[in-house]
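Structure below is work23.pdb: PDB, C-alpha atoms.
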ATOM      1  CA  LYS A   1     178.722  93.969  55.766
ATOM      2  CA  ARG A   2     176.570  90.920  55.004
ATOM      3  CA  GLU A   3     174.894  91.180  58.435
ATOM      4  CA  LYS A   4     173.992  94.818  57.754
ATOM      5  CA  ILE A   5     172.375  93.901  54.445
ATOM      6  CA  LEU A   6     170.386  91.076  56.093
ATOM      7  CA  LEU A   7     169.331  93.421  58.893
ATOM      8  CA  ILE A   8     168.146  96.066  56.418
ATOM      9  CA  ILE A   9     166.244  93.493  54.367
ATOM     10  CA  SER A  10     164.654  92.091  57.540
ATOM     11  CA  LEU A  11     163.605  95.552  58.678
ATOM     12  CA  LEU A  12     162.122  96.354  55.267
ATOM     13  CA  LEU A  13     160.166  93.102  55.287
ATOM     14  CA  LEU A  14     158.932  93.787  58.798
ATOM     15  CA  LEU A  15     157.852  97.315  57.888
ATOM     16  CA  SER A  16     156.134  96.014  54.758
ATOM     17  CA  PHE A  17     154.284  93.442  56.840
ATOM     18  CA  PHE A  18     153.044  96.041  59.346
ATOM     19  CA  TYR A  19     151.977  98.342  56.526
ATOM     20  CA  TYR A  20     150.032  95.493  54.900
ATOM     21  CA  ILE A  21     148.306  94.512  58.147
ATOM     22  CA  THR A  22     147.343  98.125  58.884
ATOM     23  CA  TYR A  23     146.140  98.762  55.355
ATOM     24  CA  GLU A  24     144.181  95.509  55.227
ATOM     25  CA  ASN A  25     142.394  96.112  58.522
ATOM     26  CA  PHE A  26     141.583  99.797  58.275
ATOM     27  CA  ASN A  27     141.144 100.670  54.613
ATOM     28  CA  PRO A  28     138.381  99.289  52.422
ATOM     29  CA  ILE A  29     139.989  97.536  49.478
ATOM     30  CA  ASN A  30     138.672  95.576  46.557
ATOM     31  CA  ILE A  31     135.171  96.927  47.069
ATOM     32  CA  ASN A  32     132.696  95.915  44.425
ATOM     33  CA  PRO A  33     130.352  98.938  44.288
ATOM     34  CA  LYS A  34     127.584  96.728  42.898
ATOM     35  CA  LYS A  35     127.813  94.543  46.000
ATOM     36  CA  ILE A  36     128.269  97.258  48.642
ATOM     37  CA  LYS A  37     125.368  99.687  48.402
ATOM     38  CA  LYS A  38     126.837 102.049  50.988
ATOM     39  CA  MET A  39     129.041 102.212  54.022
ATOM     40  CA  PHE A  40     127.129 101.987  57.278
ATOM     41  CA  THR A  41     127.176 104.779  59.872
ATOM     42  CA  THR A  42     126.693 105.466  63.563
ATOM     43  CA  GLN A  43     123.346 107.004  62.620
ATOM     44  CA  ASP A  44     122.336 103.640  61.126
ATOM     45  CA  ALA A  45     123.241 101.989  64.436
ATOM     46  CA  GLU A  46     121.244 104.542  66.435
ATOM     47  CA  THR A  47     118.182 103.950  64.247
ATOM     48  CA  ALA A  48     118.594 100.181  64.655
ATOM     49  CA  ILE A  49     118.843 100.383  68.444
ATOM     50  CA  LYS A  50     115.723 102.550  68.635
ATOM     51  CA  THR A  51     113.859 100.008  66.487
ATOM     52  CA  VAL A  52     114.985  97.159  68.758
ATOM     53  CA  GLU A  53     113.731  99.163  71.746
ATOM     54  CA  LYS A  54     110.288  99.554  70.150
ATOM     55  CA  GLN A  55     110.045  95.857  69.289
ATOM     56  CA  PHE A  56     111.808  94.187  72.241
ATOM     57  CA  GLY A  57     111.999  96.787  75.042
ATOM     58  CA  LYS A  58     114.705  98.958  76.530
ATOM     59  CA  PRO A  59     116.762  96.240  78.302
ATOM     60  CA  MET A  60     117.145  94.278  75.053
ATOM     61  CA  ALA A  61     118.014  97.449  73.128
ATOM     62  CA  GLN A  62     120.699  98.294  75.671
ATOM     63  CA  THR A  63     122.163  94.788  75.487
ATOM     64  CA  VAL A  64     122.210  94.875  71.679
ATOM     65  CA  GLU A  65     123.809  98.313  71.720
ATOM     66  CA  LYS A  66     126.545  97.277  74.162
ATOM     67  CA  MET A  67     127.313  94.121  72.186
ATOM     68  CA  MET A  68     127.458  96.064  68.953
ATOM     69  CA  ARG A  69     129.706  98.717  70.502
ATOM     70  CA  LEU A  70     132.096  96.045  71.756
ATOM     71  CA  GLU A  71     132.089  94.055  68.523
ATOM     72  CA  THR A  72     132.423  97.072  66.194
ATOM     73  CA  ALA A  73     134.790  99.386  68.090
ATOM     74  CA  ASN A  74     131.942 101.828  68.702
ATOM     75  CA  PHE A  75     130.660 101.527  65.114
ATOM     76  CA  ARG A  76     134.034 102.410  63.561
ATOM     77  CA  SER A  77     135.449  99.016  62.591
ATOM     78  CA  LYS A  78     135.875  98.033  58.981
ATOM     79  CA  GLN A  79     133.546  95.067  59.508
ATOM     80  CA  PHE A  80     130.763  97.372  60.687
ATOM     81  CA  LEU A  81     131.316 100.020  58.012
ATOM     82  CA  MET A  82     131.273  97.422  55.247
ATOM     83  CA  THR A  83     128.726  94.865  56.536
ATOM     84  CA  GLY A  84     126.401  96.698  58.933
ATOM     85  CA  SER A  85     126.950  94.044  61.577
ATOM     86  CA  ALA A  86     129.257  92.730  64.244
ATOM     87  CA  GLY A  87     131.102  90.620  61.688
ATOM     88  CA  MET A  88     129.081  87.528  60.857
ATOM     89  CA  GLU A  89     131.005  85.065  58.743
ATOM     90  CA  SER A  90     128.987  83.465  55.971
ATOM     91  CA  GLY A  91     127.940  79.857  56.518
ATOM     92  CA  LYS A  92     128.111  80.001  60.311
ATOM     93  CA  TRP A  93     124.650  81.436  61.045
ATOM     94  CA  SER A  94     121.144  80.108  60.607
ATOM     95  CA  ASN A  95     117.670  81.590  60.325
ATOM     96  CA  ILE A  96     118.782  84.748  58.557
ATOM     97  CA  PRO A  97     115.604  86.295  57.132
ATOM     98  CA  THR A  98     115.265  86.046  53.381
ATOM     99  CA  GLY A  99     116.101  89.352  51.738
ATOM    100  CA  ALA A 100     117.820  90.820  54.818
ATOM    101  CA  THR A 101     121.316  90.455  53.410
ATOM    102  CA  ASN A 102     123.188  91.648  50.354
ATOM    103  CA  GLY A 103     125.865  89.025  49.680
ATOM    104  CA  THR A 104     129.249  88.893  51.353
ATOM    105  CA  TYR A 105     132.354  91.032  51.711
ATOM    106  CA  ASP A 106     135.796  89.448  51.925
ATOM    107  CA  MET A 107     138.107  90.739  54.636
ATOM    108  CA  VAL A 108     140.648  89.561  57.171
ATOM    109  CA  ASP A 109     139.066  88.363  60.420
ATOM    110  CA  ASN A 110     140.203  90.503  63.362
ATOM    111  CA  ASN A 111     140.494  87.505  65.698
ATOM    112  CA  ASP A 112     142.557  84.924  63.840
ATOM    113  CA  LYS A 113     143.594  86.856  60.695
ATOM    114  CA  HIS A 114     142.105  84.406  58.169
ATOM    115  CA  LEU A 115     140.385  85.744  55.059
ATOM    116  CA  GLY A 116     136.660  85.391  55.651
ATOM    117  CA  HIS A 117     133.442  85.983  53.737
ATOM    118  CA  PHE A 118     131.341  88.251  55.938
ATOM    119  CA  ILE A 119     127.604  88.732  55.509
ATOM    120  CA  VAL A 120     126.598  92.182  54.265
ATOM    121  CA  TRP A 121     123.247  93.238  55.716
ATOM    122  CA  ASN A 122     120.827  95.490  53.869
ATOM    123  CA  SER A 123     120.526  97.582  57.024
ATOM    124  CA  VAL A 124     121.935  97.730  60.533
ATOM    125  CA  THR A 125     118.323  97.490  61.714
ATOM    126  CA  ASP A 126     117.924  94.076  60.038
ATOM    127  CA  PHE A 127     121.097  92.914  61.776
ATOM    128  CA  ALA A 128     120.091  94.344  65.188
ATOM    129  CA  ILE A 129     116.699  92.624  65.010
ATOM    130  CA  TYR A 130     118.431  89.363  64.075
ATOM    131  CA  LEU A 131     120.730  89.796  67.088
ATOM    132  CA  ALA A 132     117.806  90.548  69.428
ATOM    133  CA  ASN A 133     115.963  87.453  68.177
ATOM    134  CA  TYR A 134     119.118  85.391  68.678
ATOM    135  CA  ILE A 135     119.418  86.596  72.282
ATOM    136  CA  LYS A 136     115.726  85.954  72.895
ATOM    137  CA  LYS A 137     115.945  82.451  71.401
ATOM    138  CA  TYR A 138     118.905  81.370  73.536
ATOM    139  CA  GLY A 139     118.220  83.507  76.617
ATOM    140  CA  ASN A 140     121.928  84.279  76.931
ATOM    141  CA  PHE A 141     123.488  87.169  75.040
ATOM    142  CA  ALA A 142     127.005  85.850  75.672
ATOM    143  CA  ARG A 143     126.246  82.790  73.532
ATOM    144  CA  TRP A 144     126.704  85.149  70.574
ATOM    145  CA  ASN A 145     130.444  85.047  71.234
ATOM    146  CA  SER A 146     130.887  81.410  72.216
ATOM    147  CA  THR A 147     129.069  78.287  73.344
ATOM    148  CA  ASN A 148     131.833  77.696  75.914
ATOM    149  CA  PRO A 149     130.508  78.778  79.365
ATOM    150  CA  MET A 150     133.896  80.107  80.523
ATOM    151  CA  GLN A 151     134.325  82.217  77.384
ATOM    152  CA  GLN A 152     130.731  83.413  77.753
ATOM    153  CA  GLU A 153     131.521  84.673  81.250
ATOM    154  CA  VAL A 154     134.515  86.673  79.992
ATOM    155  CA  TYR A 155     132.470  88.073  77.104
ATOM    156  CA  ALA A 156     129.562  89.005  79.400
ATOM    157  CA  GLN A 157     131.947  90.901  81.679
ATOM    158  CA  LYS A 158     133.281  92.886  78.716
ATOM    159  CA  VAL A 159     129.785  93.693  77.461
ATOM    160  CA  ASN A 160     128.519  94.673  80.893
ATOM    161  CA  LYS A 161     131.353  97.194  81.326
ATOM    162  CA  ILE A 162     130.060  99.178  78.360
ATOM    163  CA  THR A 163     127.674 102.049  78.983
ATOM    164  CA  SER A 164     124.556 102.265  76.829
ATOM    165  CA  LEU A 165     124.029 105.718  75.322
ATOM    166  CA  TYR A 166     120.501 105.295  73.978
TER
END

I'd like the structure from this file rewritten - as C-alpha coordinates, please.
Amino acid sequence: KREKILLIISLLLLLSFFYYITYENFNPININPKKIKKMFTTQDAETAIKTVEKQFGKPMAQTVEKMMRLETANFRSKQFLMTGSAGMESGKWSNIPTGATNGTYDMVDNNDKHLGHFIVWNSVTDFAIYLANYIKKYGNFARWNSTNPMQQEVYAQKVNKITSLY
(Lines of atoms letter the chains of each structure in order from A and count residues from 1; the text may use other names and numbers.)
(Lines give C-alpha, C1' and ligand atoms only; values in the text may rest on other atoms or scores of the structure.)
Protein backbone atom coordinates (compact mmCIF):
# COMPACT_ATOMS: atom_id res chain seq x y z
CA LYS A 1 0.00 0.00 0.00
CA ARG A 2 2.85 2.38 0.85
CA GLU A 3 4.47 1.75 -2.56
CA LYS A 4 1.21 2.65 -4.31
CA ILE A 5 0.99 5.93 -2.42
CA LEU A 6 4.62 6.78 -3.27
CA LEU A 7 4.01 5.87 -6.91
CA ILE A 8 0.92 8.11 -7.08
CA ILE A 9 2.75 11.00 -5.42
CA SER A 10 5.69 10.55 -7.81
CA LEU A 11 3.39 10.53 -10.82
CA LEU A 12 1.59 13.66 -9.61
CA LEU A 13 4.91 15.44 -9.10
CA LEU A 14 6.08 14.38 -12.54
CA LEU A 15 2.87 15.56 -14.17
CA SER A 16 3.08 18.85 -12.27
CA PHE A 17 6.65 19.31 -13.47
CA PHE A 18 5.73 18.71 -17.13
CA TYR A 19 2.77 21.07 -16.84
CA TYR A 20 5.03 23.77 -15.36
CA ILE A 21 7.67 23.36 -18.08
CA THR A 22 5.04 23.50 -20.84
CA TYR A 23 3.27 26.47 -19.32
CA GLU A 24 6.52 28.34 -18.71
CA ASN A 25 7.81 27.86 -22.25
CA PHE A 26 4.67 28.43 -24.27
CA ASN A 27 2.46 30.85 -22.37
CA PRO A 28 3.39 34.45 -21.65
CA ILE A 29 3.30 34.95 -17.90
CA ASN A 30 4.08 37.83 -15.61
CA ILE A 31 3.94 40.30 -18.48
CA ASN A 32 4.28 43.90 -17.46
CA PRO A 33 2.13 45.71 -20.06
CA LYS A 34 4.12 48.90 -19.50
CA LYS A 35 7.30 47.05 -20.50
CA ILE A 36 5.93 44.99 -23.40
CA LYS A 37 4.39 47.34 -25.94
CA LYS A 38 3.07 44.51 -28.10
CA MET A 39 3.70 40.95 -29.13
CA PHE A 40 5.72 40.64 -32.31
CA THR A 41 4.37 38.94 -35.43
CA THR A 42 5.45 37.16 -38.60
CA GLN A 43 4.49 40.33 -40.46
CA ASP A 44 7.03 42.22 -38.33
CA ALA A 45 9.67 39.68 -39.37
CA GLU A 46 8.75 39.99 -43.05
CA THR A 47 9.06 43.79 -42.87
CA ALA A 48 12.43 43.45 -41.12
CA ILE A 49 13.80 41.04 -43.73
CA LYS A 50 12.72 43.34 -46.56
CA THR A 51 14.47 46.25 -44.83
CA VAL A 52 17.66 44.20 -44.45
CA GLU A 53 17.47 43.37 -48.16
CA LYS A 54 17.26 47.08 -49.07
CA GLN A 55 20.18 48.00 -46.82
CA PHE A 56 22.48 44.96 -47.14
CA GLY A 57 21.35 43.03 -50.24
CA LYS A 58 19.45 39.83 -50.89
CA PRO A 59 22.09 37.30 -49.73
CA MET A 60 22.34 38.99 -46.31
CA ALA A 61 18.55 39.19 -46.03
CA GLN A 62 18.26 35.49 -46.79
CA THR A 63 20.90 34.62 -44.19
CA VAL A 64 19.20 36.77 -41.55
CA GLU A 65 15.84 35.24 -42.38
CA LYS A 66 17.14 31.66 -42.14
CA MET A 67 18.88 32.37 -38.83
CA MET A 68 15.78 34.00 -37.43
CA ARG A 69 13.58 31.11 -38.60
CA LEU A 70 15.89 28.61 -36.92
CA GLU A 71 16.27 30.60 -33.71
CA THR A 72 12.56 31.49 -33.36
CA ALA A 73 10.78 28.32 -34.53
CA ASN A 74 9.58 30.14 -37.65
CA PHE A 75 8.62 33.27 -35.68
CA ARG A 76 6.40 31.37 -33.23
CA SER A 77 8.62 30.99 -30.17
CA LYS A 78 7.85 32.78 -26.95
CA GLN A 79 11.22 34.56 -27.13
CA PHE A 80 10.35 36.00 -30.54
CA LEU A 81 6.77 36.93 -29.65
CA MET A 82 7.88 38.72 -26.50
CA THR A 83 11.27 40.21 -27.52
CA GLY A 84 11.22 40.61 -31.31
CA SER A 85 14.54 38.80 -31.59
CA ALA A 86 16.28 35.46 -31.59
CA GLY A 87 16.61 35.56 -27.81
CA MET A 88 19.43 37.88 -26.82
CA GLU A 89 20.24 37.68 -23.14
CA SER A 90 20.94 41.02 -21.51
CA GLY A 91 24.57 41.78 -20.71
CA LYS A 92 26.01 39.44 -23.34
CA TRP A 93 25.88 41.75 -26.38
CA SER A 94 27.68 44.94 -27.30
CA ASN A 95 27.08 47.84 -29.66
CA ILE A 96 23.30 47.76 -29.35
CA PRO A 97 22.09 51.08 -30.79
CA THR A 98 20.80 53.53 -28.23
CA GLY A 99 17.02 53.60 -28.23
CA ALA A 100 16.63 50.33 -30.17
CA THR A 101 15.54 48.32 -27.15
CA ASN A 102 12.76 48.48 -24.60
CA GLY A 103 14.14 46.85 -21.45
CA THR A 104 14.17 43.14 -20.75
CA TYR A 105 11.72 40.28 -20.38
CA ASP A 106 12.39 37.45 -17.94
CA MET A 107 11.87 33.92 -19.23
CA VAL A 108 13.38 30.46 -19.08
CA ASP A 109 16.18 29.95 -21.62
CA ASN A 110 15.28 27.19 -24.09
CA ASN A 111 18.83 25.79 -24.13
CA ASP A 112 19.82 25.34 -20.50
CA LYS A 113 16.55 26.19 -18.68
CA HIS A 114 17.97 29.02 -16.53
CA LEU A 115 15.89 32.13 -15.91
CA GLY A 116 17.32 34.84 -18.14
CA HIS A 117 16.74 38.53 -18.79
CA PHE A 118 16.18 38.83 -22.53
CA ILE A 119 16.46 42.09 -24.45
CA VAL A 120 13.15 43.42 -25.78
CA TRP A 121 13.63 45.24 -29.08
CA ASN A 122 11.44 48.14 -30.15
CA SER A 123 11.02 46.44 -33.52
CA VAL A 124 12.04 43.26 -35.29
CA THR A 125 13.60 45.53 -37.92
CA ASP A 126 15.97 47.03 -35.32
CA PHE A 127 16.98 43.52 -34.29
CA ALA A 128 17.41 42.28 -37.89
CA ILE A 129 19.64 45.25 -38.74
CA TYR A 130 21.69 44.58 -35.61
CA LEU A 131 22.05 40.94 -36.69
CA ALA A 132 23.07 41.92 -40.24
CA ASN A 133 25.68 44.34 -38.86
CA TYR A 134 26.95 41.61 -36.54
CA ILE A 135 27.36 39.21 -39.48
CA LYS A 136 29.04 41.90 -41.56
CA LYS A 137 31.42 42.80 -38.72
CA TYR A 138 32.58 39.22 -38.12
CA GLY A 139 32.18 37.87 -41.66
CA ASN A 140 30.76 34.62 -40.28
CA PHE A 141 27.07 34.27 -39.52
CA ALA A 142 27.67 31.12 -37.46
CA ARG A 143 29.61 33.16 -34.90
CA TRP A 144 26.19 34.35 -33.72
CA ASN A 145 25.68 30.93 -32.15
CA SER A 146 29.18 30.23 -30.85
CA THR A 147 32.81 31.25 -31.10
CA ASN A 148 33.77 27.55 -31.15
CA PRO A 149 34.60 26.57 -34.78
CA MET A 150 33.13 23.06 -34.43
CA GLN A 151 29.85 24.39 -33.02
CA GLN A 152 29.81 27.03 -35.76
CA GLU A 153 30.00 24.29 -38.39
CA VAL A 154 27.02 22.46 -36.88
CA TYR A 155 25.05 25.70 -36.62
CA ALA A 156 25.89 26.69 -40.22
CA GLN A 157 24.63 23.32 -41.45
CA LYS A 158 21.33 23.82 -39.63
CA VAL A 159 20.91 27.34 -41.00
CA ASN A 160 21.81 26.33 -44.54
CA LYS A 161 19.12 23.62 -44.54
CA ILE A 162 16.43 26.26 -44.11
CA THR A 163 14.74 27.67 -47.20
CA SER A 164 14.37 31.44 -47.45
CA LEU A 165 10.83 32.52 -48.34
CA TYR A 166 11.46 36.20 -49.07

Hey, could you make a per-residue contact list for segment 43-98 of chain A against segment 142-158 of chain A with 12 Å as the cut-off, showing the nearest pair of atoms and its distance in Å to one decimal, counting all atoms listed in the file, sorted by chain and number, as CSV?
residue,atom,partner,partner_atom,distance
A:Thr63,CA,A:Ala142,CA,10.2
A:Val64,CA,A:Trp144,CA,10.8
A:Lys66,CA,A:Lys158,CA,9.2
A:Met67,CA,A:Lys158,CA,8.9
A:Met68,CA,A:Trp144,CA,11.1
A:Arg69,CA,A:Lys158,CA,10.7
A:Leu70,CA,A:Lys158,CA,7.7
A:Glu71,CA,A:Asn145,CA,9.5
A:Ala86,CA,A:Trp144,CA,10.2
A:Gly87,CA,A:Asn145,CA,11.1
A:Met88,CA,A:Trp144,CA,10.3
A:Lys92,CA,A:Trp144,CA,11.6
A:Trp93,CA,A:Trp144,CA,10.4

Point-to-point distance from atom CA of Leu115 of chain A to atom CA of Leu11 of chain A, Å rounded to tenths: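 These two atoms are separated by 25.5 Å.
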
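Of the listed residues (A:Ala100, A:Val120, A:Met60, A:Asn74), A:Val120 comes nearest to Met39 of chain A; the distances count all atoms listed in the file.
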
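The nearest approach to Ile162 of chain A among the residues A:Asp112, A:Glu65, A:Glu89, A:Asp126, with all atoms listed in the file taken into account, belongs to A:Glu65.
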
Give me the residues near Ile49 of chain A as a PDB file with C-alpha atoms, in the coordinates of the input, where near means some atom within 8 Å (using only C-alpha atoms) and where sequence neighbours in that chain fewer than 2 positions away do not count.
ATOM      1  CA  ALA A  45     123.241 101.989  64.436  1.00  0.00           C
ATOM      2  CA  GLU A  46     121.244 104.542  66.435  1.00  0.00           C
ATOM      3  CA  THR A  47     118.182 103.950  64.247  1.00  0.00           C
ATOM      4  CA  THR A  51     113.859 100.008  66.487  1.00  0.00           C
ATOM      5  CA  VAL A  52     114.985  97.159  68.758  1.00  0.00           C
ATOM      6  CA  GLU A  53     113.731  99.163  71.746  1.00  0.00           C
ATOM      7  CA  ALA A  61     118.014  97.449  73.128  1.00  0.00           C
ATOM      8  CA  GLN A  62     120.699  98.294  75.671  1.00  0.00           C
ATOM      9  CA  VAL A  64     122.210  94.875  71.679  1.00  0.00           C
ATOM     10  CA  GLU A  65     123.809  98.313  71.720  1.00  0.00           C
ATOM     11  CA  THR A 125     118.323  97.490  61.714  1.00  0.00           C
ATOM     12  CA  ALA A 128     120.091  94.344  65.188  1.00  0.00           C
ATOM     13  CA  TYR A 166     120.501 105.295  73.978  1.00  0.00           C
TER      14      TYR A 166
END

Counting all atoms listed in the file, which residues sit no farther than 12 Å from the position (129.4, 84.9, 58.3) in the file's frame? I'd like them as a list in words.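 Those within range, by chain then number, are Gln79, Thr83, Ser85, Ala86, Gly87, Met88, Glu89, Ser90, Gly91, Lys92, Trp93, Ser94, Ile96, Thr101, Gly103, Thr104, Tyr105, Asp106, Met107, Asp109, Leu115, Gly116, His117, Phe118, Ile119, Val120 and Trp121 of chain A.
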
Of the candidates A:Ile5, A:Leu13, A:Val124, A:Ile129, which shows the shortest atom-to-atom distance to Thr42 of chain A, using all atoms listed in the file? A:Val124

As an exercise, work out the distance from atom CA of Asn95 of chain A to atom CA of Gln43 of chain A in Å and give it to one decimal place. 26.1 Å

Distance atom CA of Phe80 of chain A-atom CA of Lys113 of chain A, one decimal place?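 These two atoms are separated by 16.6 Å.
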